[in-house]
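**Student:** For reference, this is input-v3.tsv, and it has TSV, C-alpha atoms.
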```tsv
chain	number	residue	atom	x	y	z
G	1	MET	CA	113.33	149.04	105.53
G	2	ASP	CA	112.80	147.39	108.90
G	3	TYR	CA	111.51	148.73	112.17
G	4	ILE	CA	114.37	149.50	114.56
G	5	ASP	CA	113.91	148.86	118.25
G	6	TYR	CA	115.84	151.73	119.80
G	7	TYR	CA	115.13	150.48	123.32
G	8	LYS	CA	116.71	147.16	122.47
G	9	ILE	CA	119.76	148.88	120.98
G	10	LEU	CA	120.33	150.75	124.23
G	11	ASP	CA	119.27	147.72	126.28
G	12	LEU	CA	116.47	149.66	127.98
G	13	LYS	CA	112.92	149.03	129.06
G	14	LYS	CA	110.11	151.09	127.56
G	15	ASP	CA	109.63	152.98	130.81
G	16	ALA	CA	113.30	154.04	131.02
G	17	THR	CA	113.85	157.48	132.50
G	18	THR	CA	115.92	160.22	130.86
G	19	GLU	CA	118.70	159.42	133.31
G	20	ASP	CA	118.54	155.70	132.38
G	21	ILE	CA	118.84	156.60	128.68
G	22	LYS	CA	121.77	158.88	129.33
G	23	LYS	CA	123.57	156.22	131.36
G	24	ALA	CA	122.89	153.46	128.84
G	25	TYR	CA	124.05	155.67	125.96
G	26	ARG	CA	127.27	156.63	127.71
G	27	LYS	CA	128.01	153.05	128.66
G	28	LEU	CA	127.54	151.75	125.12
G	29	ALA	CA	129.21	154.75	123.48
G	30	ARG	CA	132.29	154.10	125.59
G	31	LYS	CA	132.32	150.52	124.36
G	32	HIS	CA	131.76	151.19	120.67
G	33	HIS	CA	133.22	154.67	120.11
G	34	PRO	CA	135.21	154.65	116.83
G	35	ASP	CA	138.20	156.23	118.54
G	36	LEU	CA	138.36	153.28	120.91
G	37	ASN	CA	137.86	150.72	118.16
G	38	PRO	CA	140.29	151.54	115.39
G	39	ASN	CA	139.87	149.50	112.19
G	40	ASN	CA	136.64	148.01	113.46
G	41	GLU	CA	133.81	148.64	111.03
G	42	GLU	CA	131.40	146.59	113.11
G	43	ALA	CA	131.93	148.88	116.11
G	44	ASN	CA	131.54	151.90	113.83
G	45	LYS	CA	128.14	150.68	112.66
G	46	LYS	CA	127.08	149.86	116.19
G	47	PHE	CA	128.12	153.32	117.34
G	48	GLN	CA	125.95	154.90	114.66
G	49	GLN	CA	122.99	152.80	115.80
G	50	ILE	CA	123.59	153.81	119.42
G	51	ASN	CA	123.77	157.47	118.40
G	52	GLU	CA	120.57	157.17	116.44
G	53	ALA	CA	118.78	155.45	119.33
G	54	ASN	CA	120.00	158.14	121.70
G	55	GLU	CA	118.99	160.86	119.24
G	56	VAL	CA	115.42	159.59	119.35
G	57	LEU	CA	115.03	158.49	122.95
G	58	SER	CA	116.79	161.44	124.56
G	59	ASP	CA	114.56	163.90	122.74
G	60	PRO	CA	111.13	163.93	124.44
G	61	GLU	CA	109.29	164.93	121.24
G	62	LYS	CA	110.91	162.27	119.11
G	63	ARG	CA	110.53	159.64	121.79
G	64	LYS	CA	106.85	160.46	122.09
G	65	LYS	CA	106.35	160.03	118.37
G	66	TYR	CA	108.41	156.84	118.31
G	67	ASP	CA	106.54	155.35	121.28
G	68	LYS	CA	103.21	156.36	119.85
G	69	TYR	CA	103.55	154.68	116.48
G	70	GLY	CA	106.00	151.93	117.26
G	71	LYS	CA	105.80	149.33	114.52
G	72	ASP	CA	103.21	151.38	112.63
G	73	TRP	CA	105.86	153.99	111.89
G	74	GLN	CA	105.33	153.59	108.15
G	75	HIS	CA	101.84	154.99	108.54
G	76	ALA	CA	102.80	157.63	111.09
G	77	ASP	CA	102.02	160.56	108.85
G	78	GLN	CA	98.69	159.10	107.74
G	79	LEU	CA	97.75	158.36	111.36
G	80	ASP	CA	98.78	161.89	112.30
G	81	ALA	CA	96.55	163.30	109.59
G	82	GLN	CA	93.61	161.10	110.59
G	83	GLN	CA	93.97	162.04	114.25
G	84	GLN	CA	94.28	165.68	113.35
G	85	GLN	CA	91.06	165.49	111.39
G	86	GLN	CA	89.32	163.71	114.27
G	87	ARG	CA	90.47	166.36	116.69
G	88	GLN	CA	89.33	169.11	114.40
G	89	TYR	CA	85.91	167.52	114.28
G	90	GLN	CA	85.83	167.12	118.04
G	91	SER	CA	87.17	170.53	118.89
G	92	GLN	CA	87.79	173.29	116.45
G	93	SER	CA	90.22	175.00	118.78
G	94	GLN	CA	92.88	172.32	119.29
G	95	GLY	CA	94.53	170.80	116.29
G	96	TYR	CA	97.45	168.44	116.46
G	97	GLY	CA	100.02	170.32	114.54
G	98	GLY	CA	102.40	167.43	114.19
G	99	ASN	CA	106.09	167.79	114.60
G	100	SER	CA	108.24	169.56	112.16
G	101	TYR	CA	111.67	168.04	112.22
G	102	SER	CA	113.95	170.00	110.06
G	103	GLY	CA	117.01	168.49	108.52
G	104	GLY	CA	120.50	169.59	109.24
G	105	PHE	CA	121.99	166.78	111.21
G	106	GLY	CA	123.48	164.94	108.31
G	107	GLY	CA	121.06	162.20	107.49
G	108	GLU	CA	123.69	159.99	105.89
G	109	ASP	CA	124.65	158.74	109.35
G	110	PHE	CA	121.09	157.68	110.09
G	111	SER	CA	119.09	154.70	109.03
G	112	ASP	CA	116.31	154.91	106.43
G	113	PHE	CA	113.95	154.10	109.25
G	114	PHE	CA	115.05	157.22	111.14
G	115	SER	CA	114.87	159.44	108.08
G	116	SER	CA	111.45	158.12	107.21
G	117	MET	CA	110.06	158.73	110.66
G	118	PHE	CA	111.76	161.98	111.59
G	119	GLY	CA	112.33	163.62	108.26
G	120	GLY	CA	115.10	163.97	105.71
G	121	GLY	CA	118.18	164.41	107.78
G	122	GLY	CA	116.89	163.85	111.26
G	123	GLY	CA	117.51	167.03	113.15
G	124	ARG	CA	118.42	168.00	116.62
G	125	SER	CA	115.86	170.25	118.08
G	126	SER	CA	117.77	171.17	121.18
G	127	ARG	CA	121.38	170.31	120.51
G	128	ASN	CA	123.81	171.17	117.80
G	129	SER	CA	126.84	169.19	118.91
G	130	PRO	CA	129.62	168.88	116.39
G	131	PHE	CA	130.03	165.31	115.16
G	132	LYS	CA	132.89	163.71	113.36
G	133	GLY	CA	132.11	162.80	109.77
G	134	GLN	CA	131.72	159.23	108.64
G	135	ASP	CA	134.88	157.21	108.08
G	136	TYR	CA	135.44	155.76	104.64
G	137	SER	CA	137.32	152.60	103.87
G	138	ALA	CA	138.81	151.41	100.62
G	139	ASP	CA	140.77	148.38	99.44
G	140	LEU	CA	143.81	148.80	97.26
G	141	GLN	CA	145.18	145.92	95.24
G	142	LEU	CA	148.97	145.83	94.81
G	143	ASN	CA	151.37	143.28	93.47
G	144	LEU	CA	154.53	142.37	95.34
G	145	LEU	CA	156.70	144.63	93.20
G	146	ASP	CA	154.36	147.60	93.87
G	147	ALA	CA	154.84	147.04	97.58
G	148	TYR	CA	158.61	146.84	97.14
G	149	THR	CA	159.07	150.52	96.36
G	150	THR	CA	157.65	153.71	97.85
G	151	HIS	CA	155.35	155.20	95.26
G	152	LYS	CA	152.42	157.54	94.82
G	153	GLN	CA	149.03	156.44	93.67
G	154	THR	CA	145.79	158.32	93.01
G	155	LEU	CA	142.57	156.84	94.30
G	156	THR	CA	139.02	157.94	93.72
G	157	VAL	CA	137.10	157.82	96.98
G	158	ASN	CA	133.49	158.98	96.92
G	159	GLY	CA	134.11	160.94	93.75
G	160	LYS	CA	137.16	162.72	95.19
G	161	GLN	CA	140.68	162.20	93.93
G	162	VAL	CA	143.06	161.32	96.73
G	163	ARG	CA	146.78	161.08	96.02
G	164	ILE	CA	148.57	158.92	98.53
G	165	THR	CA	152.10	157.81	99.11
G	166	ILE	CA	152.42	154.09	99.62
G	167	PRO	CA	155.52	153.39	101.68
G	168	ALA	CA	157.70	150.48	100.63
G	169	GLY	CA	157.26	147.39	102.75
G	170	VAL	CA	153.52	147.53	103.41
G	171	GLU	CA	152.12	144.21	104.55
G	172	ASN	CA	149.28	142.33	102.93
G	173	GLY	CA	146.14	143.25	104.89
G	174	GLN	CA	147.75	146.31	106.49
G	175	LYS	CA	145.52	149.32	106.95
G	176	ILE	CA	146.62	152.91	106.94
G	177	LYS	CA	144.57	155.84	108.14
G	178	LEU	CA	144.42	159.10	106.26
G	179	PRO	CA	142.97	161.54	108.77
G	180	GLY	CA	140.45	164.00	107.41
G	181	TYR	CA	139.78	162.22	104.11
G	182	GLY	CA	136.40	160.85	105.22
G	183	ALA	CA	132.97	162.46	105.01
G	184	PRO	CA	132.66	166.11	106.13
G	185	GLY	CA	131.84	166.66	109.79
G	186	VAL	CA	128.47	167.78	111.04
G	187	ASN	CA	127.92	171.12	112.77
G	188	ASN	CA	131.56	172.11	112.31
G	189	GLY	CA	132.68	168.69	113.51
G	190	PRO	CA	135.90	167.27	112.10
G	191	PRO	CA	135.80	165.25	108.89
G	192	GLY	CA	135.99	161.48	109.12
G	193	ASP	CA	139.05	159.46	108.20
G	194	LEU	CA	139.87	157.29	105.25
G	195	TYR	CA	141.12	153.78	105.94
G	196	ILE	CA	142.97	152.04	103.14
G	197	LYS	CA	143.55	148.32	103.26
G	198	PHE	CA	146.32	146.92	101.08
G	199	ASN	CA	145.73	143.59	99.40
G	200	ILE	CA	149.00	142.30	98.04
G	201	SER	CA	148.64	139.50	95.53
G	202	ASP	CA	150.91	136.48	95.74
G	203	ASP	CA	153.85	136.36	93.39
G	204	PRO	CA	154.54	133.09	91.58
G	205	LYS	CA	158.31	133.38	92.11
G	206	PHE	CA	158.95	135.49	95.20
G	207	LYS	CA	157.37	134.30	98.46
G	208	ARG	CA	157.31	136.87	101.21
G	209	LYS	CA	157.53	136.09	104.92
G	210	GLY	CA	157.67	139.32	106.87
G	211	ASN	CA	160.62	141.18	105.37
G	212	ASP	CA	162.32	138.09	104.03
G	213	ILE	CA	161.88	136.73	100.54
G	214	TYR	CA	162.11	133.06	99.60
G	215	ILE	CA	162.76	131.72	96.13
G	216	GLN	CA	163.61	128.39	94.60
G	217	GLU	CA	166.25	128.20	91.89
G	218	GLU	CA	167.05	125.28	89.67
G	219	VAL	CA	170.64	124.19	89.31
G	220	ASP	CA	171.70	121.39	87.00
G	221	LEU	CA	173.25	118.24	88.41
G	222	TYR	CA	176.69	118.90	86.96
G	223	THR	CA	176.94	122.41	88.47
G	224	ALA	CA	175.69	121.08	91.79
G	225	ILE	CA	178.37	118.39	91.80
G	226	LEU	CA	181.27	120.27	90.28
G	227	GLY	CA	180.40	123.80	91.39
G	228	GLY	CA	179.93	126.86	89.17
G	229	GLU	CA	178.05	130.10	88.81
G	230	LYS	CA	174.42	130.94	88.41
G	231	ILE	CA	172.62	134.23	87.61
G	232	VAL	CA	169.63	134.69	89.90
G	233	GLU	CA	166.92	137.31	89.57
G	234	THR	CA	166.14	139.20	92.78
G	235	LEU	CA	163.57	141.93	93.43
G	236	ASN	CA	166.13	144.62	92.66
G	237	GLY	CA	168.00	143.10	89.77
G	238	LYS	CA	170.12	140.12	88.82
G	239	VAL	CA	172.95	138.76	90.93
G	240	LYS	CA	175.67	136.27	90.02
G	241	LEU	CA	176.02	133.54	92.64
G	242	LYS	CA	178.67	130.95	93.22
G	243	VAL	CA	177.34	127.42	93.47
G	244	PRO	CA	179.77	125.52	95.68
G	245	GLU	CA	181.06	122.09	94.73
G	246	GLY	CA	178.85	119.32	96.08
G	247	THR	CA	175.75	121.46	96.62
G	248	GLN	CA	173.01	119.23	98.05
G	249	PRO	CA	169.38	119.45	96.90
G	250	ASP	CA	167.30	121.91	98.98
G	251	THR	CA	170.39	123.65	100.30
G	252	THR	CA	169.36	127.17	101.26
G	253	LEU	CA	171.53	130.19	100.74
G	254	ARG	CA	170.92	133.53	102.47
G	255	LEU	CA	171.62	136.88	100.81
G	256	LYS	CA	171.64	139.46	103.58
G	257	GLY	CA	169.78	142.69	102.83
G	258	LYS	CA	168.43	141.44	99.49
G	259	GLY	CA	164.90	140.84	100.79
G	260	PHE	CA	161.94	143.16	101.24
G	261	PRO	CA	162.25	146.73	102.51
G	262	VAL	CA	161.35	147.22	106.17
G	263	TYR	CA	158.21	149.37	106.45
G	264	LYS	CA	159.03	153.01	107.15
G	265	LYS	CA	162.70	152.25	107.85
G	266	ASP	CA	164.92	153.73	105.22
G	267	ASN	CA	167.63	151.50	103.77
G	268	GLN	CA	166.68	148.51	105.92
G	269	PHE	CA	165.87	145.30	104.14
G	270	GLY	CA	165.10	141.74	105.04
G	271	ASP	CA	167.06	138.82	103.57
G	272	LEU	CA	166.67	136.75	100.44
G	273	TYR	CA	166.70	132.97	100.85
G	274	ILE	CA	167.47	130.86	97.83
G	275	LYS	CA	166.77	127.16	97.88
G	276	TRP	CA	168.70	125.17	95.28
G	277	GLN	CA	166.56	122.67	93.40
G	278	VAL	CA	168.95	120.21	91.82
G	279	LYS	CA	167.63	119.17	88.43
G	280	ILE	CA	168.24	115.50	87.66
G	281	PRO	CA	168.85	114.93	83.95
G	282	THR	CA	166.34	112.79	82.08
G	283	ASN	CA	166.39	111.11	78.66
G	284	LEU	CA	170.07	110.22	78.91
G	285	ASN	CA	171.74	108.96	75.76
G	286	ALA	CA	173.76	105.75	75.69
G	287	GLU	CA	177.07	107.48	76.28
G	288	GLN	CA	175.76	109.47	79.25
G	289	LYS	CA	174.25	106.32	80.76
G	290	GLU	CA	177.57	104.55	80.38
G	291	LEU	CA	179.40	107.37	82.10
G	292	PHE	CA	176.94	107.36	84.99
G	293	GLU	CA	177.27	103.61	85.30
G	294	LYS	CA	181.05	104.01	85.45
G	295	LEU	CA	180.66	106.66	88.13
G	296	SER	CA	178.34	104.48	90.15
G	297	LYS	CA	181.05	101.84	90.41
G	298	PHE	CA	183.46	104.17	92.17
O	299	MET	CA	161.33	170.24	105.80
O	300	GLU	CA	159.49	172.84	107.90
O	301	THR	CA	156.54	171.58	109.93
O	302	TYR	CA	153.33	173.50	109.55
O	303	LEU	CA	152.28	174.99	112.88
O	304	ILE	CA	148.79	175.97	114.04
O	305	PRO	CA	148.33	178.57	116.79
O	306	VAL	CA	146.92	176.79	119.83
O	307	GLU	CA	144.66	179.79	120.44
O	308	ASP	CA	142.92	179.13	117.12
O	309	ILE	CA	142.42	175.46	118.00
O	310	CYS	CA	140.93	176.42	121.36
O	311	ALA	CA	138.54	178.88	119.72
O	312	TYR	CA	137.50	176.40	117.03
O	313	HIS	CA	136.93	173.49	119.39
O	314	HIS	CA	135.65	175.60	122.32
O	315	VAL	CA	138.26	174.22	124.65
O	316	GLU	CA	140.28	175.81	127.43
O	317	ILE	CA	143.98	176.22	126.80
O	318	ASN	CA	144.61	174.47	130.13
O	319	PHE	CA	143.31	171.26	128.57
O	320	ILE	CA	145.99	171.47	125.87
O	321	HIS	CA	148.67	172.18	128.49
O	322	SER	CA	147.50	169.22	130.57
O	323	LEU	CA	147.66	166.92	127.55
O	324	GLU	CA	151.21	168.09	127.03
O	325	ASP	CA	152.04	167.51	130.69
O	326	PHE	CA	150.87	163.93	130.27
O	327	GLY	CA	153.14	163.58	127.24
O	328	LEU	CA	150.19	163.02	124.92
O	329	ILE	CA	150.90	165.90	122.54
O	330	GLN	CA	153.81	168.24	121.90
O	331	THR	CA	153.51	171.96	121.32
O	332	THR	CA	156.12	174.48	120.20
O	333	VAL	CA	156.66	178.02	121.45
O	334	LYS	CA	157.64	180.65	118.89
O	335	LYS	CA	157.78	184.35	119.63
O	336	GLN	CA	155.92	183.79	122.91
O	337	SER	CA	153.01	182.07	121.17
O	338	VAL	CA	152.16	178.40	121.50
O	339	PHE	CA	151.74	176.33	118.35
O	340	LEU	CA	150.73	172.79	117.59
O	341	PRO	CA	152.50	170.95	114.75
O	342	ILE	CA	149.90	169.88	112.18
O	343	ASP	CA	150.77	166.20	112.51
O	344	GLU	CA	149.71	166.37	116.18
O	345	LEU	CA	146.28	167.74	115.29
O	346	SER	CA	144.50	164.45	114.65
O	347	LYS	CA	145.77	163.11	118.00
O	348	LEU	CA	144.56	166.23	119.79
O	349	GLU	CA	141.15	165.98	118.12
O	350	GLN	CA	140.88	162.36	119.13
O	351	TYR	CA	141.60	163.30	122.78
O	352	LEU	CA	139.01	166.06	122.56
O	353	ARG	CA	136.41	163.59	121.33
O	354	LEU	CA	137.27	161.16	124.11
O	355	ALA	CA	136.87	163.97	126.64
O	356	ASN	CA	133.70	165.48	125.16
O	357	ASP	CA	131.82	162.47	123.80
O	358	LEU	CA	132.72	160.02	126.54
O	359	GLN	CA	133.51	162.27	129.49
O	360	ILE	CA	136.90	160.62	129.94
O	361	ASN	CA	139.24	162.57	132.19
O	362	LEU	CA	142.92	163.19	131.47
O	363	GLU	CA	144.13	160.16	133.42
O	364	GLY	CA	141.66	158.06	131.45
O	365	ILE	CA	142.77	159.56	128.14
O	366	HIS	CA	146.36	158.77	129.05
O	367	ALA	CA	145.48	155.15	129.77
O	368	VAL	CA	143.29	154.86	126.64
O	369	SER	CA	146.04	156.30	124.47
O	370	HIS	CA	148.53	153.78	125.84
O	371	LEU	CA	146.13	150.88	125.26
O	372	LEU	CA	145.27	152.08	121.76
O	373	ASN	CA	148.96	152.07	120.87
O	374	GLN	CA	149.21	148.55	122.17
O	375	LEU	CA	146.12	147.56	120.21
O	376	GLN	CA	147.55	149.03	117.03
O	377	ASN	CA	150.83	147.15	117.51
O	378	MET	CA	148.93	143.94	118.15
O	379	GLN	CA	146.76	144.43	115.05
O	380	GLN	CA	149.92	144.90	113.02
O	381	GLU	CA	151.45	141.78	114.54
O	382	ILE	CA	148.32	139.76	113.75
O	383	THR	CA	148.53	140.87	110.12
O	384	ILE	CA	152.18	139.81	109.93
O	385	LEU	CA	151.43	136.46	111.58
O	386	GLN	CA	148.48	135.85	109.26
O	387	ASN	CA	150.74	136.45	106.28
O	388	GLU	CA	153.35	134.08	107.70
O	389	LEU	CA	150.69	131.46	108.26
O	390	ASN	CA	149.59	131.84	104.63
O	391	TYR	CA	153.20	131.33	103.58
O	392	TYR	CA	153.39	128.00	105.42
O	393	LYS	CA	149.95	126.95	104.17
O	394	GLN	CA	151.16	127.51	100.62
O	395	LEU	CA	154.27	125.42	101.29
O	396	ASN	CA	152.11	122.50	102.42
O	397	GLN	CA	149.86	122.62	99.38
```
Would it be possible to restate this file's structure as structure tokens?
**Tutor:**
Amino acid sequence: MDYIDYYKILDLKKDATTEDIKKAYRKLARKHHPDLNPNNEEANKKFQQINEANEVLSDPEKRKKYDKYGKDWQHADQLDAQQQQQRQYQSQSQGYGGNSYSGGFGGEDFSDFFSSMFGGGGGRSSRNSPFKGQDYSADLQLNLLDAYTTHKQTLTVNGKQVRITIPAGVENGQKIKLPGYGAPGVNNGPPGDLYIKFNISDDPKFKRKGNDIYIQEEVDLYTAILGGEKIVETLNGKVKLKVPEGTQPDTTLRLKGKGFPVYKKDNQFGDLYIKWQVKIPTNLNAEQKELFEKLSKF
Amino acid sequence: METYLIPVEDICAYHHVEINFIHSLEDFGLIQTTVKKQSVFLPIDELSKLEQYLRLANDLQINLEGIHAVSHLLNQLQNMQQEITILQNELNYYKQLNQ
């Protein structure tokens, strides 16, 4: 547990006035407020630090204690006790009672340093403002087929079961917010939100680009030259395709509406692109070689 | 499917906010309320937006014009974040092709 320089966090000098602290807090809070920085965990952390610094420096009692012990905060209670004893020796009438900081602010949003110095959960001696609960974030691994259909999935977040609907067409890396599924609020504040990030693993056959799907299909030389039919597997079943006569290698065919579903748009799909890979026969027998040689003379 | 409605009066009492603030947000087109039997209600899916605006007003002392501008920019930011994700995935697709 390291010492935290609250003045540095708020970019203030040690002799900052209450007004300076207020101004600095508001300025930084505006910059790092979670509502203004969606999907930004770094800003979220920074905002908590700013809140903590403001919690200490805007409270004269806490600031006094913080300024008094500074880097010796780990021994604050011992120093308090020693000083109290000294005072009692010097004057029986005035004892330093120390500060009693009761919990109740929701210590989970505060650093260990804060809790250690100001007690279990911190505590607001003069204010009881409602605060939004902490946001949670979770990663959810899906394969491409999972992302192809709208389905429900149950997640366990912080010991709670959360059943969510995953809409078809989610992107890899996309985040969705579930309002109110975060940590409970403080002092009747609203609960935090739950952010779920979808990680969609690559599929060996189907390559996704936006809402379009790309695949490569092998076609033998004879079908490519003479034409024919080929059964191709798509994401929603098999389709029979006509291979035109004289199909060139790497020719790409587009199947409209056979691609990936468009996120939150019912019955809208991207396209499926099929690239024909013409397979050249190997290990030809004598007769086949002869026939090819004959052909080559035409 | 019927939308669950919350009486705006209850929201005002819970969040200690004047009803005028809710009306002003509606005037700016930031939220939508519904009137039923002479009472004003907020659809539940508008609640998180309203609470976000309340936090912006209370925590950051942002006035209504500011909230309007912030809301517009946040929408833009969200669209851009989504676009970045899509572009990153496209980039990965091309990287895989070159491998």
**Student:** Based on all atoms listed in the file, which of the residues in chain O come within 8 Å of chain G? I want them as a PyMOL selection string.
**Tutor:** chain O and resi 346+350+354+358+368+372+376+380+383-384+387-388+391
**Student:** Please measure the separation of atom CA of Glu233 of chain G and atom CA of Asp146 of chain G, giving the value in Å to one decimal.
**Tutor:**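 Result for atom CA of Glu233 of chain G versus atom CA of Asp146 of chain G: 16.8 Å, one decimal.
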**Student:** Closest to Arg254 of chain G among G:Ser296, G:Gln134, G:Gln216, G:Gln48, using all atoms listed in the file?
**Tutor:**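 Using all atoms listed in the file, the shortest distance to Arg254 of chain G belongs to G:Gln216.
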**Student:** Residues at most 7 Å from Pro305 of chain O, counting all atoms listed in the file, excluding those fewer than 3 positions away in the same chain, as an MDAnalysis selection string?
**Tutor:** chainID O and resid 308:309 338:340
**Student:** Mind giving me the straight-line distance from atom CA of Val232 of chain G to atom CA of His151 of chain G in Å, one decimal?
**Tutor:**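 One can read the atom CA of Val232 of chain G to atom CA of His151 of chain G distance as 25.6 Å.
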**Student:** Counting only C-alpha atoms, find residues at most 7 Å from (126.4, 148.1, 120.2) (file frame) and give them as a ChimeraX atom specification.
**Tutor:** /G:9,28,32,43,46-47,50
**Student:** How far is it from atom CA of Val239 of chain G to atom CA of Asp271 of chain G, in Å with one decimal?
**Tutor:** 13.9 Å
**Student:** Write out as a PyMOL selection string each polymer residue whose atoms come within 12 Å of Leu348 of chain O, counting only C-alpha atoms; drop sequence neighbours fewer than 2 positions from it.
**Tutor:** (chain G and resi 35+190) or (chain O and resi 306+309-310+313+315+319-324+327-331+340-346+350-355+365+369)
**Student:** Considering only C-alpha atoms, state which residue in the set G:Lys289, G:Lys242, G:Lys8, G:Lys22 is at the smallest distance from Thr223 of chain G.
**Tutor:**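 For Thr223 of chain G, the nearest of the candidates is G:Lys242.
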**Student:** Give me the residues within 10 Å of Asp11 of chain G as a PyMOL selection string, counting all atoms listed in the file and dropping any in the same chain fewer than 3 places off.
**Tutor:** chain G and resi 5-8+14+16+21+24-25+28
